[in-house]
Amino acid sequence: AFWCRWSPSGELRASFYAERIFTPIEDIDGCTMQVIYHYDDERGTVSEGPQSGPWRITEEQSSLDGLQHPSSPAMTTLLLPGGPSAWCMKQSAFGEPCAAELFLHFGEHLRMSVGVVHAADGALQQLALVREDARGPWPSADWSNSTHAAQISPEDLAGVLEHAGAPILAGGTGSAISADLQLQCIVAEWSTSRVAAAGPADVLLLCAECVAI
C-alpha cells in the first residue's frame, strides 16, 4: 500500500509504503492483523509497536456499537454490505481531536481509504489517502505512486467528474448505518449527496487517479 498525508492546503506532509496483513486464525472465526511500515528515513522498516500490532480480531471484538479494533478503544468500525466501512471516533468531545477513516473496495484486489483528522479546536488538520492492491507489492498495476494533491473548488470538481463520465445526473442505491448498527437501504439522487452539496467552507483535495477528498 502507498500512504500519503497532506495539509488542508494540499502540502505533502508524509508518504511511505506499508502492508496491512490479515491472516486467518485456524481454530476460530477471526484473523490476526499486522501493519508493516517501510520508511525512507532512519526509521527503516517498522513491524512492531502500538501502530503495527499484531492484533487478534475475533467475535470478542464485536459490540453493540460496532467492531472494536484492539489498537484504539475510543474508536469503532462500522461495516456495510459489500465491503465499505468506516473506522471512527465513538464520540466527538469538545476540545478533543477527532479522526475517521473511510474504506472503499473495487473488485477483488483494489481498496482505498481516506483519513480525516480534526485538531482539538475543531480545525481541519490532516487529510490522507491510502491506496492498496492485494495482488502484490508496489508498484501497482492500477494505482500510481503520485503524491500530488491540490485544493479544488466545488465547481471545478463538478467539471472533473463530468469530464470523467461520472453519472452525476443519475440516482443510485446504497446502505446507511446508524450508531446503534441499524442498517437501512437508501435510494437518492447525486444532487442530494454530501459532495454535491459542498460549498465555499468545505475543503476539497483532488489527488491522483481523480480521487477527491
# chains A, B, ... in the order shown; residues from 1 in each chain; ligands from 1

$ residues_around --residues "Arg20 in chain A" --least-positions-apart "2" --cutoff "9 Å" --atoms "only C-alpha atoms" --output "PyMOL selection string"
chain A and resi 1+18+22+33-37+52+132

$ write_last_selection --atoms "N, CA and C atoms" --output "compact mmCIF listing (two decimals), in the first residue's frame"
# COMPACT_ATOMS: atom_id res chain seq x y z
N ALA A 1 0.84 -1.19 0.00
CA ALA A 1 0.00 0.00 0.00
C ALA A 1 0.88 1.24 0.00
N ALA A 18 3.48 0.69 3.00
CA ALA A 18 3.12 -0.13 4.15
C ALA A 18 2.33 -1.34 3.68
N PHE A 22 -3.61 -9.45 6.87
CA PHE A 22 -4.65 -10.17 7.61
C PHE A 22 -4.42 -11.67 7.43
N MET A 33 -4.13 -9.24 12.56
CA MET A 33 -3.80 -8.12 11.69
C MET A 33 -2.48 -7.52 12.11
N GLN A 34 -1.64 -7.24 11.12
CA GLN A 34 -0.36 -6.58 11.38
C GLN A 34 -0.11 -5.56 10.29
N VAL A 35 0.44 -4.41 10.69
CA VAL A 35 0.80 -3.37 9.73
C VAL A 35 2.32 -3.20 9.76
N ILE A 36 2.94 -3.32 8.60
CA ILE A 36 4.38 -3.15 8.48
C ILE A 36 4.65 -1.89 7.65
N TYR A 37 5.40 -0.96 8.22
CA TYR A 37 5.68 0.32 7.57
C TYR A 37 7.09 0.30 6.98
N SER A 52 1.65 -1.11 14.88
CA SER A 52 1.89 -2.25 13.99
C SER A 52 1.16 -3.52 14.40
N GLU A 132 -4.32 0.69 -1.94
CA GLU A 132 -3.93 -0.70 -1.68
C GLU A 132 -4.26 -1.59 -2.88

$ select_by_dssp --residues "chain A" --states "helix (DSSP H, G or I)" --output "compact mmCIF listing (two decimals) with C-alpha atoms, in the first residue's frame"
# COMPACT_ATOMS: atom_id res chain seq x y z
CA GLU A 59 -16.09 -12.12 17.61
CA GLU A 60 -14.97 -10.89 21.02
CA GLN A 61 -14.36 -7.51 19.36
CA PRO A 154 -16.83 22.53 -5.83
CA GLU A 155 -17.47 23.94 -9.31
CA ASP A 156 -14.15 22.63 -10.65
CA LEU A 157 -14.78 19.25 -9.04
CA ALA A 158 -18.12 19.04 -10.82
CA GLY A 159 -16.27 19.70 -14.08
CA VAL A 160 -13.71 16.98 -13.33
CA LEU A 161 -16.46 14.48 -12.61
CA GLU A 162 -18.33 15.42 -15.77
CA HIS A 163 -15.16 15.07 -17.84
CA TRP A 190 -26.45 12.53 -6.76
CA SER A 191 -27.57 16.11 -6.15
CA THR A 192 -28.52 15.19 -2.56
CA ALA A 208 -4.04 11.04 -8.15
CA GLU A 209 -6.46 8.84 -10.12
CA CYS A 210 -9.05 11.64 -9.71

$ select_by_dssp --residues "range 36-153 of chain A" --states "strand (DSSP E)" --output "count of residues only"
54

$ atom_distance --atom1 "CA of Lys90 in chain A" --atom2 "CA of Arg194 in chain A"
21.1 Å

$ closest_residue --among "A:Leu169, A:Ser85, A:Gly53, A:Glu96" --to "Pro70 in chain A" --atoms "only C-alpha atoms"
A:Gly53

$ residues_around --residues "range 29-32 of chain A" --least-positions-apart "6" --cutoff "9 Å" --atoms "only C-alpha atoms" --output "ChimeraX atom specification"
/A:21-23,53-59

$ residues_around --residues "Asp121 in chain A" --least-positions-apart "3" --cutoff "9 Å" --atoms "only C-alpha atoms" --output "ChimeraX atom specification"
/A:94-97,118,124

$ closest_residue --among "A:Glu101, A:Glu19, A:Glu108, A:Asp142" --to "Thr45 in chain A" --atoms "only C-alpha atoms"
A:Glu19

$ residues_around --residues "range 170-183 of chain A" --least-positions-apart "6" --cutoff "8 Å" --atoms "only C-alpha atoms" --output "NGL selection string"
:A and (64-66 or 78 or 80-81 or 189-190)

$ write_last_selection --atoms "N, CA, C and O atoms" --output "JSON list (two decimals), in the first residue's frame"
[["chain", "number", "residue", "atom", "x", "y", "z"],
["A", 64, "LEU", "N", -22.07, -3.66, 20.72],
["A", 64, "LEU", "CA", -23.33, -3.03, 20.33],
["A", 64, "LEU", "C", -23.11, -1.74, 19.53],
["A", 64, "LEU", "O", -24.07, -1.22, 18.95],
["A", 65, "ASP", "N", -21.89, -1.22, 19.50],
["A", 65, "ASP", "CA", -21.63, -0.02, 18.71],
["A", 65, "ASP", "C", -20.58, -0.25, 17.63],
["A", 65, "ASP", "O", -19.95, 0.69, 17.17],
["A", 66, "GLY", "N", -20.40, -1.50, 17.20],
["A", 66, "GLY", "CA", -19.51, -1.79, 16.09],
["A", 66, "GLY", "C", -18.40, -2.75, 16.46],
["A", 66, "GLY", "O", -18.40, -3.35, 17.54],
["A", 78, "LEU", "N", -17.52, 0.50, 11.61],
["A", 78, "LEU", "CA", -18.87, 0.29, 11.10],
["A", 78, "LEU", "C", -18.77, -0.33, 9.72],
["A", 78, "LEU", "O", -18.07, 0.20, 8.85],
["A", 80, "LEU", "N", -20.55, -2.00, 6.20],
["A", 80, "LEU", "CA", -21.71, -2.01, 5.32],
["A", 80, "LEU", "C", -21.64, -3.17, 4.35],
["A", 80, "LEU", "O", -20.55, -3.71, 4.08],
["A", 81, "PRO", "N", -22.77, -3.61, 3.81],
["A", 81, "PRO", "CA", -22.77, -4.73, 2.85],
["A", 81, "PRO", "C", -21.87, -4.44, 1.65],
["A", 81, "PRO", "O", -21.86, -3.32, 1.13],
["A", 189, "GLU", "N", -30.66, 10.74, -5.26],
["A", 189, "GLU", "CA", -30.06, 11.40, -6.41],
["A", 189, "GLU", "C", -28.68, 11.93, -6.03],
["A", 189, "GLU", "O", -28.42, 12.26, -4.87],
["A", 190, "TRP", "N", -27.79, 12.00, -7.01],
["A", 190, "TRP", "CA", -26.45, 12.53, -6.76],
["A", 190, "TRP", "C", -26.51, 13.94, -6.18],
["A", 190, "TRP", "O", -25.72, 14.31, -5.30]]

$ residues_around --residues "Ser153 in chain A" --least-positions-apart "6" --cutoff "10 Å" --atoms "only C-alpha atoms" --output "list in words"
Gly159, Ala198, Gly199, Pro200, Asp202, Val203, Leu204, Leu205 and Leu206 of chain A

$ closest_residue --among "A:Gly44, A:Pro84, A:Gly165, A:Gly10" --to "Leu129 in chain A" --atoms "only C-alpha atoms"
A:Gly10

$ residues_around --residues "Cys4 in chain A" --least-positions-apart "2" --cutoff "8 Å" --atoms "only C-alpha atoms" --output "ChimeraX atom specification"
/A:2,6,12-16,128-130,147

$ closest_residue --among "A:Ser92, A:Pro73, A:Ile168, A:Ser62" --to "Ser193 in chain A" --atoms "only C-alpha atoms"
A:Ile168

$ atom_distance --atom1 "CA of Thr76 in chain A" --atom2 "CA of Cys88 in chain A"
5.6 Å
